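Here's input35.cif, which has mmCIF, C-alpha atoms (C1' of nucleotides):
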```cif
data_query
#
loop_
_atom_site.label_atom_id
_atom_site.label_comp_id
_atom_site.auth_asym_id
_atom_site.auth_seq_id
_atom_site.Cartn_x
_atom_site.Cartn_y
_atom_site.Cartn_z
CA MET A 186 0.00 0.00 0.00
CA SER A 187 1.42 3.35 -0.94
CA ARG A 188 1.75 5.99 1.69
CA GLN A 189 -0.63 8.86 2.29
CA LEU A 190 -0.11 11.88 0.08
CA ASP A 191 0.58 15.26 1.67
CA GLU A 192 -0.06 18.68 0.20
CA VAL A 193 3.34 18.86 -1.48
CA ASP A 194 2.78 15.50 -3.17
CA ARG A 195 -0.59 16.70 -4.35
CA THR A 196 0.90 19.85 -5.80
CA ILE A 197 3.54 17.81 -7.60
CA LEU A 198 0.87 15.50 -9.03
CA ARG A 199 -1.30 18.41 -10.06
CA GLU A 200 1.62 20.08 -11.79
CA MET A 201 2.81 16.95 -13.55
CA THR A 202 -0.71 16.13 -14.63
CA SER A 203 -0.99 19.43 -16.39
CA ASP A 204 2.58 19.62 -17.74
CA ALA A 205 4.62 16.45 -17.54
CA ARG A 206 7.66 17.91 -19.26
CA GLN A 207 8.37 20.72 -16.88
CA THR A 208 11.74 20.60 -15.14
CA ILE A 209 12.45 19.57 -11.57
CA ARG A 210 13.63 23.12 -11.09
CA ALA A 211 10.29 24.59 -12.09
CA LEU A 212 8.48 22.08 -9.93
CA ALA A 213 10.71 22.92 -6.98
CA ALA A 214 9.94 26.60 -7.43
CA THR A 215 6.21 26.11 -7.35
CA VAL A 216 6.16 23.71 -4.39
CA GLY A 217 8.75 25.71 -2.46
CA LEU A 218 11.25 22.93 -1.75
CA SER A 219 14.77 22.28 -2.98
CA GLU A 220 15.38 20.41 -6.21
CA PRO A 221 16.75 17.23 -4.63
CA SER A 222 13.74 17.00 -2.32
CA VAL A 223 11.30 17.40 -5.14
CA ARG A 224 13.19 14.92 -7.21
CA ASP A 225 13.11 12.41 -4.35
CA ARG A 226 9.38 12.86 -3.96
CA LEU A 227 8.76 12.51 -7.65
CA GLN A 228 10.78 9.31 -7.78
CA ARG A 229 8.93 7.97 -4.79
CA LEU A 230 5.60 8.70 -6.46
CA GLU A 231 6.82 6.83 -9.52
CA ARG A 232 8.19 3.89 -7.52
CA ASP A 233 5.03 3.61 -5.44
CA GLY A 234 2.96 3.48 -8.61
CA VAL A 235 1.04 6.67 -7.93
CA ILE A 236 2.37 8.00 -11.22
CA THR A 237 1.99 5.25 -13.81
CA GLY A 238 3.57 7.06 -16.73
CA TYR A 239 4.01 10.24 -18.72
CA HIS A 240 2.24 10.52 -22.04
CA ALA A 241 2.03 13.00 -24.86
CA ALA A 242 -1.60 13.75 -25.72
CA LEU A 243 -2.25 13.84 -29.45
CA ASP A 244 -4.83 15.78 -31.41
CA PRO A 245 -7.29 13.17 -32.71
CA ALA A 246 -7.78 14.92 -36.04
CA SER A 247 -4.03 15.10 -36.66
CA VAL A 248 -3.61 11.35 -36.29
CA ASP A 249 -6.68 10.39 -38.31
CA ALA A 250 -8.82 9.41 -35.36
CA ASP A 251 -11.49 12.03 -35.12
CA THR A 252 -14.43 9.65 -35.06
CA THR A 253 -15.21 8.28 -31.63
CA ALA A 254 -17.69 5.56 -30.76
CA PHE A 255 -18.69 3.44 -27.81
CA VAL A 256 -19.28 -0.22 -28.55
CA ALA A 257 -21.19 -2.55 -26.26
CA LEU A 258 -19.75 -5.97 -26.90
CA ARG A 259 -21.56 -9.19 -26.08
CA PHE A 260 -19.57 -12.39 -26.03
CA THR A 261 -19.18 -15.69 -24.27
CA MET A 262 -17.77 -14.59 -20.94
CA SER A 263 -15.73 -17.78 -20.60
CA ALA A 264 -13.54 -16.58 -23.47
CA LYS A 265 -12.46 -13.40 -21.71
CA ALA A 266 -8.74 -13.97 -22.08
CA GLU A 267 -8.90 -14.41 -25.86
CA VAL A 268 -11.22 -11.46 -26.29
CA ASN A 269 -9.01 -9.26 -24.12
CA ALA A 270 -5.96 -10.20 -26.15
CA ALA A 271 -7.69 -9.51 -29.46
CA LEU A 272 -8.93 -6.12 -28.27
CA ALA A 273 -5.56 -5.17 -26.81
CA GLY A 274 -4.00 -5.93 -30.18
CA ASP A 275 -6.18 -3.41 -31.98
CA PRO A 276 -4.83 0.13 -31.52
CA ARG A 277 -8.19 1.59 -32.49
CA VAL A 278 -9.64 0.24 -29.27
CA LEU A 279 -8.60 2.75 -26.60
CA GLU A 280 -10.57 1.52 -23.61
CA VAL A 281 -12.23 -1.70 -22.52
CA HIS A 282 -14.50 -1.74 -19.47
CA GLU A 283 -16.42 -4.62 -18.02
CA VAL A 284 -19.72 -3.12 -16.95
CA ALA A 285 -22.49 -4.21 -14.60
CA GLY A 286 -25.98 -5.05 -15.73
CA GLU A 287 -25.65 -6.55 -19.16
CA ASP A 288 -22.87 -9.14 -19.19
CA CYS A 289 -20.81 -7.24 -21.67
CA TYR A 290 -17.88 -4.95 -22.31
CA TRP A 291 -18.01 -1.32 -23.25
CA LEU A 292 -15.28 -0.24 -25.61
CA LYS A 293 -14.18 3.18 -26.61
CA VAL A 294 -12.83 3.23 -30.14
CA ARG A 295 -11.32 6.02 -32.16
CA VAL A 296 -11.01 5.83 -35.95
CA ALA A 297 -10.73 7.91 -39.09
CA GLY A 298 -14.42 8.02 -40.01
CA THR A 299 -17.43 5.81 -40.42
CA GLY A 300 -15.78 3.61 -43.04
CA PRO A 301 -12.89 2.66 -40.75
CA LEU A 302 -15.43 2.34 -37.94
CA ALA A 303 -17.28 -0.28 -39.94
CA GLU A 304 -14.03 -2.12 -40.57
CA THR A 305 -13.21 -2.00 -36.91
CA LEU A 306 -16.58 -3.48 -36.06
CA ASP A 307 -16.03 -6.19 -38.66
CA HIS A 308 -12.76 -6.98 -37.05
CA ILE A 309 -14.24 -7.07 -33.56
CA ARG A 310 -17.16 -9.23 -34.64
CA ALA A 311 -14.71 -11.66 -36.20
CA ILE A 312 -13.23 -12.44 -32.79
CA PRO A 313 -14.35 -15.95 -31.84
CA SER A 314 -17.01 -16.03 -29.11
CA VAL A 315 -18.26 -12.51 -29.89
CA THR A 316 -22.01 -12.70 -30.28
CA GLY A 317 -22.98 -9.13 -30.99
CA THR A 318 -22.22 -5.42 -30.82
CA SER A 319 -24.19 -2.27 -30.27
CA THR A 320 -22.53 0.96 -31.29
CA THR A 321 -23.15 4.52 -30.17
CA ILE A 322 -21.47 7.21 -32.20
CA VAL A 323 -20.05 10.31 -30.58
CA LEU A 324 -21.12 13.43 -32.45
CA ARG A 325 -18.95 15.76 -30.46
CA THR A 326 -16.62 15.40 -27.52
CA VAL A 327 -17.31 18.32 -25.21
CA PHE A 328 -14.17 17.69 -23.18
CA GLU A 329 -11.81 15.00 -22.03
CA ARG A 330 -9.21 15.37 -19.32
CA PRO A 331 -6.67 13.24 -17.53
CA LEU A 332 -7.46 11.90 -14.09
CA GLY A 333 -6.41 14.50 -11.54
CA VAL A 334 -5.61 14.50 -7.84
CA ASP A 335 -8.86 16.23 -6.98
CA ALA A 336 -11.27 13.66 -8.35
CA SER A 337 -12.39 12.63 -4.89
CA GLY A 338 -12.72 15.75 -2.78
CA PRO A 339 -14.19 18.62 -4.82
CA ARG A 340 -17.14 20.92 -5.12
CA MET B 230 -4.08 22.54 -41.57
CA SER B 231 -1.05 20.82 -40.21
CA ARG B 232 1.34 19.15 -42.60
CA GLN B 233 1.44 15.46 -43.35
CA LEU B 234 3.38 13.37 -40.88
CA ASP B 235 6.31 11.30 -42.10
CA GLU B 236 7.76 8.17 -40.53
CA VAL B 237 10.14 10.13 -38.31
CA ASP B 238 7.29 12.25 -36.97
CA ARG B 239 5.32 9.12 -36.24
CA THR B 240 8.22 7.59 -34.38
CA ILE B 241 8.59 10.74 -32.32
CA LEU B 242 4.89 10.70 -31.51
CA ARG B 243 4.96 7.03 -30.66
CA GLU B 244 7.92 7.54 -28.36
CA MET B 245 6.49 10.60 -26.64
CA THR B 246 3.16 8.88 -26.23
CA SER B 247 4.80 6.08 -24.31
CA ASP B 248 7.34 8.17 -22.37
CA ALA B 249 6.85 11.89 -22.44
CA ARG B 250 9.76 12.68 -20.14
CA GLN B 251 12.54 11.18 -22.19
CA THR B 252 15.26 13.52 -23.35
CA ILE B 253 15.77 14.92 -26.83
CA ARG B 254 19.01 12.98 -26.85
CA ALA B 255 17.25 9.68 -26.27
CA LEU B 256 14.63 10.53 -28.86
CA ALA B 257 17.31 11.43 -31.38
CA ALA B 258 19.01 8.09 -30.78
CA THR B 259 15.88 6.08 -31.47
CA VAL B 260 14.78 8.03 -34.55
CA GLY B 261 18.32 8.23 -35.93
CA LEU B 262 18.50 11.98 -36.52
CA SER B 263 20.57 14.68 -34.87
CA GLU B 264 19.38 16.35 -31.69
CA PRO B 265 18.68 19.75 -33.27
CA SER B 266 16.54 18.13 -35.97
CA VAL B 267 14.55 16.12 -33.51
CA ARG B 268 14.09 19.15 -31.31
CA ASP B 269 12.87 21.16 -34.30
CA ARG B 270 10.41 18.45 -35.25
CA LEU B 271 9.10 18.12 -31.73
CA GLN B 272 8.56 21.87 -31.48
CA ARG B 273 6.82 21.87 -34.82
CA LEU B 274 4.50 19.08 -33.69
CA GLU B 275 3.69 21.12 -30.60
CA ARG B 276 3.15 24.37 -32.50
CA ASP B 277 0.97 22.65 -35.12
CA GLY B 278 -1.20 21.25 -32.37
CA VAL B 279 -0.47 17.61 -33.17
CA ILE B 280 0.80 17.25 -29.61
CA THR B 281 -1.71 18.95 -27.33
CA GLY B 282 0.10 18.41 -24.05
CA TYR B 283 2.11 16.15 -21.79
CA HIS B 284 0.40 14.57 -18.83
CA ALA B 285 1.37 12.37 -15.93
CA ALA B 286 -1.01 9.40 -15.68
CA LEU B 287 -2.08 8.66 -12.12
CA ASP B 288 -3.09 5.39 -10.55
CA PRO B 289 -6.84 5.71 -9.86
CA ALA B 290 -6.68 3.84 -6.55
CA SER B 291 -3.87 6.09 -5.28
CA VAL B 292 -5.89 9.24 -5.79
CA ASP B 293 -9.15 7.86 -4.40
CA ALA B 294 -10.85 7.42 -7.74
CA ASP B 295 -11.09 3.69 -8.30
CA THR B 296 -14.81 3.61 -9.06
CA THR B 297 -15.66 4.37 -12.67
CA ALA B 298 -19.12 4.89 -14.13
CA PHE B 299 -20.71 6.04 -17.35
CA VAL B 300 -23.65 8.39 -16.97
CA ALA B 301 -26.17 9.06 -19.71
CA LEU B 302 -27.42 12.57 -19.07
CA ARG B 303 -30.71 13.89 -20.42
CA PHE B 304 -31.27 17.61 -20.31
CA THR B 305 -32.81 20.49 -22.20
CA MET B 306 -30.46 20.79 -25.15
CA SER B 307 -30.95 24.56 -25.31
CA ALA B 308 -29.06 24.87 -22.05
CA LYS B 309 -25.90 23.27 -23.34
CA ALA B 310 -23.57 26.07 -22.37
CA GLU B 311 -24.64 26.06 -18.72
CA VAL B 312 -24.53 22.29 -18.51
CA ASN B 313 -21.09 22.20 -20.10
CA ALA B 314 -19.78 24.74 -17.62
CA ALA B 315 -21.21 22.89 -14.64
CA LEU B 316 -19.72 19.59 -15.81
CA ALA B 317 -16.36 21.14 -16.56
CA GLY B 318 -16.30 22.52 -13.03
CA ASP B 319 -16.59 19.08 -11.49
CA PRO B 320 -13.23 17.28 -11.46
CA ARG B 321 -14.94 13.92 -10.98
CA VAL B 322 -16.30 14.23 -14.53
CA LEU B 323 -13.44 13.17 -16.78
CA GLU B 324 -15.18 13.03 -20.15
CA VAL B 325 -18.29 14.46 -21.75
CA HIS B 326 -19.47 13.23 -25.15
CA GLU B 327 -22.49 14.28 -27.10
CA VAL B 328 -23.81 11.08 -28.64
CA ALA B 329 -26.15 10.28 -31.49
CA GLY B 330 -29.46 8.59 -31.06
CA GLU B 331 -30.82 9.73 -27.74
CA ASP B 332 -30.44 13.47 -27.38
CA CYS B 333 -28.10 13.22 -24.46
CA TYR B 334 -24.56 13.31 -23.14
CA TRP B 335 -22.49 10.41 -22.03
CA LEU B 336 -20.17 11.18 -19.16
CA LYS B 337 -17.31 9.22 -17.74
CA VAL B 338 -16.91 9.84 -14.02
CA ARG B 339 -14.35 8.56 -11.59
CA VAL B 340 -14.91 8.67 -7.83
CA ALA B 341 -13.89 7.06 -4.53
CA GLY B 342 -16.75 4.54 -4.30
CA THR B 343 -20.48 4.24 -4.59
CA GLY B 344 -21.14 6.81 -1.86
CA PRO B 345 -19.21 9.55 -3.67
CA LEU B 346 -20.80 8.33 -6.90
CA ALA B 347 -24.23 8.99 -5.42
CA GLU B 348 -23.11 12.46 -4.36
CA THR B 349 -21.76 13.13 -7.81
CA LEU B 350 -25.07 12.12 -9.36
CA ASP B 351 -26.90 14.37 -6.87
CA HIS B 352 -24.67 17.20 -7.93
CA ILE B 353 -25.22 16.52 -11.61
CA ARG B 354 -28.99 16.21 -11.23
CA ALA B 355 -29.00 19.53 -9.42
CA ILE B 356 -27.82 21.30 -12.56
CA PRO B 357 -30.75 23.33 -13.95
CA SER B 358 -32.28 21.83 -17.10
CA VAL B 359 -31.06 18.31 -16.31
CA THR B 360 -34.03 16.01 -16.61
CA GLY B 361 -32.57 12.61 -15.84
CA THR B 362 -29.59 10.29 -15.62
CA SER B 363 -28.92 6.66 -16.28
CA THR B 364 -25.77 5.20 -14.79
CA THR B 365 -23.74 2.17 -15.77
CA ILE B 366 -21.12 1.08 -13.28
CA VAL B 367 -17.77 -0.26 -14.42
CA LEU B 368 -16.88 -3.44 -12.57
CA ARG B 369 -13.40 -3.68 -13.98
CA THR B 370 -11.40 -1.71 -16.49
CA VAL B 371 -9.64 -4.22 -18.70
CA PHE B 372 -7.35 -1.56 -20.15
CA GLU B 373 -7.13 2.07 -21.03
CA ARG B 374 -4.48 3.64 -23.21
CA PRO B 375 -3.65 7.03 -24.64
CA LEU B 376 -4.51 7.78 -28.24
CA GLY B 377 -1.61 6.66 -30.38
CA VAL B 378 -0.36 7.39 -33.88
CA ASP B 379 -1.53 4.05 -35.17
CA ALA B 380 -5.21 4.37 -34.44
CA SER B 381 -6.06 4.57 -38.13
CA GLY B 382 -3.80 2.09 -39.90
CA PRO B 383 -3.34 -0.96 -37.68
CA ARG B 384 -3.58 -4.71 -37.40
"C1'" DG C 21 19.16 18.05 -43.14
"C1'" DT C 22 24.39 17.63 -40.84
"C1'" DT C 23 28.54 18.39 -37.35
"C1'" DG C 24 31.02 20.73 -33.69
"C1'" DA C 25 31.71 23.85 -30.03
"C1'" DA C 26 30.55 26.71 -26.18
"C1'" DA C 27 27.50 28.49 -22.61
"C1'" DG C 28 23.85 27.90 -19.69
"C1'" DA C 29 20.36 25.16 -17.54
"C1'" DG C 30 19.08 21.18 -15.34
"C1'" DC C 31 20.08 16.93 -12.74
"C1'" DA C 32 22.24 13.58 -9.67
"C1'" DT C 33 25.29 12.69 -5.97
"C1'" DA C 34 27.35 13.14 -1.69
"C1'" DG C 35 27.74 15.06 2.71
"C1'" DT C 36 25.13 17.69 6.62
"C1'" DT C 37 21.55 18.99 9.75
"C1'" DA D 54 12.88 14.52 5.12
"C1'" DA D 55 15.06 18.45 4.28
"C1'" DC D 56 19.32 21.51 2.73
"C1'" DT D 57 23.87 23.03 0.17
"C1'" DA D 58 27.94 21.84 -2.67
"C1'" DT D 59 29.74 20.02 -6.63
"C1'" DG D 60 30.43 17.68 -10.94
"C1'" DC D 61 28.17 15.82 -14.77
"C1'" DT D 62 24.57 15.57 -18.44
"C1'" DC D 63 21.59 17.63 -21.39
"C1'" DT D 64 19.88 21.36 -24.05
"C1'" DT D 65 20.29 25.33 -26.67
"C1'" DT D 66 22.26 28.28 -29.81
"C1'" DC D 67 25.58 29.41 -32.66
"C1'" DA D 68 28.52 28.72 -36.43
"C1'" DA D 69 29.86 26.38 -41.00
"C1'" DC D 70 28.57 22.89 -44.21
#
```
Turn this file's structure into structure tokens for me.
Amino acid sequence: MSRQLDEVDRTILREMTSDARQTIRALAATVGLSEPSVRDRLQRLERDGVITGYHAALDPASVDADTTAFVALRFTMSAKAEVNAALAGDPRVLEVHEVAGEDCYWLKVRVAGTGPLAETLDHIRAIPSVTGTSTTIVLRTVFERPLGVDASGPR
Amino acid sequence: MSRQLDEVDRTILREMTSDARQTIRALAATVGLSEPSVRDRLQRLERDGVITGYHAALDPASVDADTTAFVALRFTMSAKAEVNAALAGDPRVLEVHEVAGEDCYWLKVRVAGTGPLAETLDHIRAIPSVTGTSTTIVLRTVFERPLGVDASGPR
DNA sequence: GTTGAAAGAGCATAGTT
DNA sequence: AACTATGCTCTTTCAAC
């Protein structure tokens, strides 16, 4: 179990969530500690698994992925491992959630338009043990943001 | 309109998507160009808006947000602006998509359990013009990954 | 696009409190 | 856990090609 986070840790996480490429020096200036201290804390947060990685966020339109859809996927639940592997191998599938209430997965997929979406669905339906899909197209994404430190105690 | 991406650009994007804190030097080594060139390309990708930011990814459990749910939100569509602002002001709401087929939004929320989820729903339902919600709880997230360069041309 | 060099910024280490 | 000192690495900005 990772240790409790104090205010300094939270500030570091908040800062790195909004700009992961800023320097230790800049971080140290905003949290008000020395560089080695901040570096130690950052490394501890990484080692403890609080920070799981640093990722560049890409503009969907620039990488030909400006069509988003959610796909409810019904399949034989005993074949989970194979289905998971097949989905993980398709880079158009960005998220896979097992949801309550319907014995199925919800996927978030991102593709280059409705044509590629159809191909993606073909590909998904070709996975053995998949029995059906139900797709909801996203007309417009109002916003999307990374998980922050303040998700639990706000408002 | 941003220029077409070549193979080197794609490699840079792929690398920065998987580790956004690596140095220009390391990047240059993997793409096989000089440091100044790689730095120029990276800056161009940032300026052109292909890279929209760099974010630390946090472990949901470590920041008290290990309960995920999707919320279908029905509301008076004429009040979009107010609804958008209210949702944007709630850090537990990570995504908001306008979807086809039902005249509503789909939200992704992340909270510290079912109690906080109930409070979040209370808060959302208290937004003027909201007429109803329908919530689907995520039992398990199989995987989640950042948008990559290969979303369009895979397999 | 390249190399090479020089200056400054940033980082890691060690030693202290 | 925190600090200061120091040496090393990396980046940046030139030049010339």
Hey, which bits of chain A sit within 12 Å of chain D, and for each residue what's the closest pair of atoms and how far apart in Å (one decimal), counting all atoms listed in the file, rows by chain and increasing number, as a Markdown table?
```
| residue | atom | partner | partner_atom | distance |
| --- | --- | --- | --- | --- |
| A:Gly217 | CA | D:DA55 | C1' | 11.7 |
| A:Leu218 | CA | D:DA55 | C1' | 8.4 |
| A:Ser219 | CA | D:DC56 | C1' | 7.3 |
| A:Glu220 | CA | D:DC56 | C1' | 9.8 |
| A:Pro221 | CA | D:DC56 | C1' | 8.9 |
| A:Ser222 | CA | D:DA55 | C1' | 6.9 |
| A:Val223 | CA | D:DA55 | C1' | 10.2 |
| A:Asp225 | CA | D:DA54 | C1' | 9.7 |
| A:Arg226 | CA | D:DA54 | C1' | 9.9 |
```
Using C-alpha atoms, can you write the selected residues to a file as a CSV table (one decimal), keeping the file's coordinate frame?
```csv
chain,number,residue,atom,x,y,z
A,217,GLY,CA,8.8,25.7,-2.5
A,218,LEU,CA,11.2,22.9,-1.8
A,219,SER,CA,14.8,22.3,-3.0
A,220,GLU,CA,15.4,20.4,-6.2
A,221,PRO,CA,16.8,17.2,-4.6
A,222,SER,CA,13.7,17.0,-2.3
A,223,VAL,CA,11.3,17.4,-5.1
A,225,ASP,CA,13.1,12.4,-4.4
A,226,ARG,CA,9.4,12.9,-4.0
```
Please determine the contact residues of chain B with respect to chain A at a cut-off of 6 Å, counting all atoms listed in the file, and supply them as a PDB file with C-alpha atoms, in the coordinates of the input.
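Saved as iface.pdb:
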```
ATOM      1  CA  MET B 245       6.490  10.600 -26.640  1.00  0.00           C
ATOM      2  CA  THR B 246       3.160   8.880 -26.230  1.00  0.00           C
ATOM      3  CA  SER B 247       4.800   6.080 -24.310  1.00  0.00           C
ATOM      4  CA  ASP B 248       7.340   8.170 -22.370  1.00  0.00           C
ATOM      5  CA  ALA B 249       6.850  11.890 -22.440  1.00  0.00           C
ATOM      6  CA  ARG B 250       9.760  12.680 -20.140  1.00  0.00           C
ATOM      7  CA  VAL B 279      -0.470  17.610 -33.170  1.00  0.00           C
ATOM      8  CA  ILE B 280       0.800  17.250 -29.610  1.00  0.00           C
ATOM      9  CA  THR B 281      -1.710  18.950 -27.330  1.00  0.00           C
ATOM     10  CA  GLY B 282       0.100  18.410 -24.050  1.00  0.00           C
ATOM     11  CA  TYR B 283       2.110  16.150 -21.790  1.00  0.00           C
ATOM     12  CA  HIS B 284       0.400  14.570 -18.830  1.00  0.00           C
ATOM     13  CA  ALA B 285       1.370  12.370 -15.930  1.00  0.00           C
ATOM     14  CA  ALA B 286      -1.010   9.400 -15.680  1.00  0.00           C
ATOM     15  CA  LEU B 287      -2.080   8.660 -12.120  1.00  0.00           C
ATOM     16  CA  ASP B 288      -3.090   5.390 -10.550  1.00  0.00           C
ATOM     17  CA  SER B 291      -3.870   6.090  -5.280  1.00  0.00           C
ATOM     18  CA  VAL B 292      -5.890   9.240  -5.790  1.00  0.00           C
ATOM     19  CA  ASP B 293      -9.150   7.860  -4.400  1.00  0.00           C
ATOM     20  CA  PRO B 320     -13.230  17.280 -11.460  1.00  0.00           C
ATOM     21  CA  ARG B 321     -14.940  13.920 -10.980  1.00  0.00           C
ATOM     22  CA  LEU B 323     -13.440  13.170 -16.780  1.00  0.00           C
ATOM     23  CA  GLU B 324     -15.180  13.030 -20.150  1.00  0.00           C
ATOM     24  CA  VAL B 325     -18.290  14.460 -21.750  1.00  0.00           C
ATOM     25  CA  HIS B 326     -19.470  13.230 -25.150  1.00  0.00           C
ATOM     26  CA  GLU B 327     -22.490  14.280 -27.100  1.00  0.00           C
ATOM     27  CA  VAL B 328     -23.810  11.080 -28.640  1.00  0.00           C
ATOM     28  CA  ALA B 329     -26.150  10.280 -31.490  1.00  0.00           C
ATOM     29  CA  VAL B 340     -14.910   8.670  -7.830  1.00  0.00           C
ATOM     30  CA  ALA B 341     -13.890   7.060  -4.530  1.00  0.00           C
ATOM     31  CA  ILE B 366     -21.120   1.080 -13.280  1.00  0.00           C
ATOM     32  CA  VAL B 367     -17.770  -0.260 -14.420  1.00  0.00           C
ATOM     33  CA  LEU B 368     -16.880  -3.440 -12.570  1.00  0.00           C
ATOM     34  CA  ARG B 369     -13.400  -3.680 -13.980  1.00  0.00           C
ATOM     35  CA  THR B 370     -11.400  -1.710 -16.490  1.00  0.00           C
ATOM     36  CA  VAL B 371      -9.640  -4.220 -18.700  1.00  0.00           C
ATOM     37  CA  PHE B 372      -7.350  -1.560 -20.150  1.00  0.00           C
ATOM     38  CA  GLU B 373      -7.130   2.070 -21.030  1.00  0.00           C
ATOM     39  CA  ARG B 374      -4.480   3.640 -23.210  1.00  0.00           C
ATOM     40  CA  VAL B 378      -0.360   7.390 -33.880  1.00  0.00           C
ATOM     41  CA  ALA B 380      -5.210   4.370 -34.440  1.00  0.00           C
ATOM     42  CA  SER B 381      -6.060   4.570 -38.130  1.00  0.00           C
TER      43      SER B 381
END
```
What are the nearest atom pairs, with distances in Å to one decimal, for all residues of chain C that come at most 12 Å from chain A, using only C-alpha atoms (C1' of nucleotides), set out by chain and rising residue number as CSV?
```
residue,atom,partner,partner_atom,distance
C:DA29,C1',A:Arg210,CA,9.5
C:DG30,C1',A:Arg210,CA,7.2
C:DC31,C1',A:Ile209,CA,8.2
C:DA32,C1',A:Pro221,CA,8.3
C:DT33,C1',A:Pro221,CA,9.8
C:DA34,C1',A:Pro221,CA,11.7
```
Produce a file of the selected residues containing C-alpha atoms (C1' of nucleotides), as a PDB file, keeping the file's coordinate frame.
```
ATOM      1  C1'  DA C  29      20.360  25.160 -17.540  1.00  0.00           C
ATOM      2  C1'  DG C  30      19.080  21.180 -15.340  1.00  0.00           C
ATOM      3  C1'  DC C  31      20.080  16.930 -12.740  1.00  0.00           C
ATOM      4  C1'  DA C  32      22.240  13.580  -9.670  1.00  0.00           C
ATOM      5  C1'  DT C  33      25.290  12.690  -5.970  1.00  0.00           C
ATOM      6  C1'  DA C  34      27.350  13.140  -1.690  1.00  0.00           C
TER       7       DA C  34
END
```
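Computed from the coordinates, the atom CA of Thr259 of chain B to atom C1' of DG24 of chain C distance equals 21.2 Å.
Atom to atom, atom CA of Arg303 of chain B and atom CA of Thr360 of chain B stand 5.5 Å apart.
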Place N, CA and C atoms on segment 200-213 of chain A and deliver the coordinates as a PDB file, in the coordinates of the input.
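The resulting selection-v1.pdb:
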```
ATOM      1  N   GLU A 200       0.735  19.452 -10.818  1.00  0.00           N
ATOM      2  CA  GLU A 200       1.620  20.080 -11.790  1.00  0.00           C
ATOM      3  C   GLU A 200       2.002  19.115 -12.916  1.00  0.00           C
ATOM      4  N   MET A 201       2.364  17.912 -12.537  1.00  0.00           N
ATOM      5  CA  MET A 201       2.810  16.950 -13.550  1.00  0.00           C
ATOM      6  C   MET A 201       1.647  16.444 -14.385  1.00  0.00           C
ATOM      7  N   THR A 202       0.456  16.504 -13.838  1.00  0.00           N
ATOM      8  CA  THR A 202      -0.710  16.130 -14.630  1.00  0.00           C
ATOM      9  C   THR A 202      -0.971  17.163 -15.712  1.00  0.00           C
ATOM     10  N   SER A 203      -0.682  18.416 -15.385  1.00  0.00           N
ATOM     11  CA  SER A 203      -0.990  19.430 -16.390  1.00  0.00           C
ATOM     12  C   SER A 203       0.200  19.722 -17.306  1.00  0.00           C
ATOM     13  N   ASP A 204       1.425  19.496 -16.845  1.00  0.00           N
ATOM     14  CA  ASP A 204       2.580  19.620 -17.740  1.00  0.00           C
ATOM     15  C   ASP A 204       3.682  18.668 -17.313  1.00  0.00           C
ATOM     16  N   ALA A 205       3.712  17.523 -17.950  1.00  0.00           N
ATOM     17  CA  ALA A 205       4.620  16.450 -17.540  1.00  0.00           C
ATOM     18  C   ALA A 205       6.055  16.698 -17.953  1.00  0.00           C
ATOM     19  N   ARG A 206       6.287  17.688 -18.797  1.00  0.00           N
ATOM     20  CA  ARG A 206       7.660  17.910 -19.260  1.00  0.00           C
ATOM     21  C   ARG A 206       8.343  19.068 -18.558  1.00  0.00           C
ATOM     22  N   GLN A 207       7.697  19.648 -17.593  1.00  0.00           N
ATOM     23  CA  GLN A 207       8.370  20.720 -16.880  1.00  0.00           C
ATOM     24  C   GLN A 207       9.549  20.166 -16.090  1.00  0.00           C
ATOM     25  N   THR A 208      10.512  21.034 -15.801  1.00  0.00           N
ATOM     26  CA  THR A 208      11.740  20.600 -15.140  1.00  0.00           C
ATOM     27  C   THR A 208      11.533  20.468 -13.636  1.00  0.00           C
ATOM     28  N   ILE A 209      12.434  19.695 -13.024  1.00  0.00           N
ATOM     29  CA  ILE A 209      12.450  19.570 -11.570  1.00  0.00           C
ATOM     30  C   ILE A 209      12.603  20.952 -10.955  1.00  0.00           C
ATOM     31  N   ARG A 210      13.391  21.771 -11.588  1.00  0.00           N
ATOM     32  CA  ARG A 210      13.630  23.120 -11.090  1.00  0.00           C
ATOM     33  C   ARG A 210      12.337  23.922 -11.007  1.00  0.00           C
ATOM     34  N   ALA A 211      11.558  23.864 -12.075  1.00  0.00           N
ATOM     35  CA  ALA A 211      10.290  24.590 -12.090  1.00  0.00           C
ATOM     36  C   ALA A 211       9.345  24.047 -11.028  1.00  0.00           C
ATOM     37  N   LEU A 212       9.311  22.725 -10.946  1.00  0.00           N
ATOM     38  CA  LEU A 212       8.480  22.080  -9.930  1.00  0.00           C
ATOM     39  C   LEU A 212       8.881  22.544  -8.537  1.00  0.00           C
ATOM     40  N   ALA A 213      10.191  22.526  -8.291  1.00  0.00           N
ATOM     41  CA  ALA A 213      10.710  22.920  -6.980  1.00  0.00           C
ATOM     42  C   ALA A 213      10.294  24.340  -6.649  1.00  0.00           C
TER      43      ALA A 213
END
```
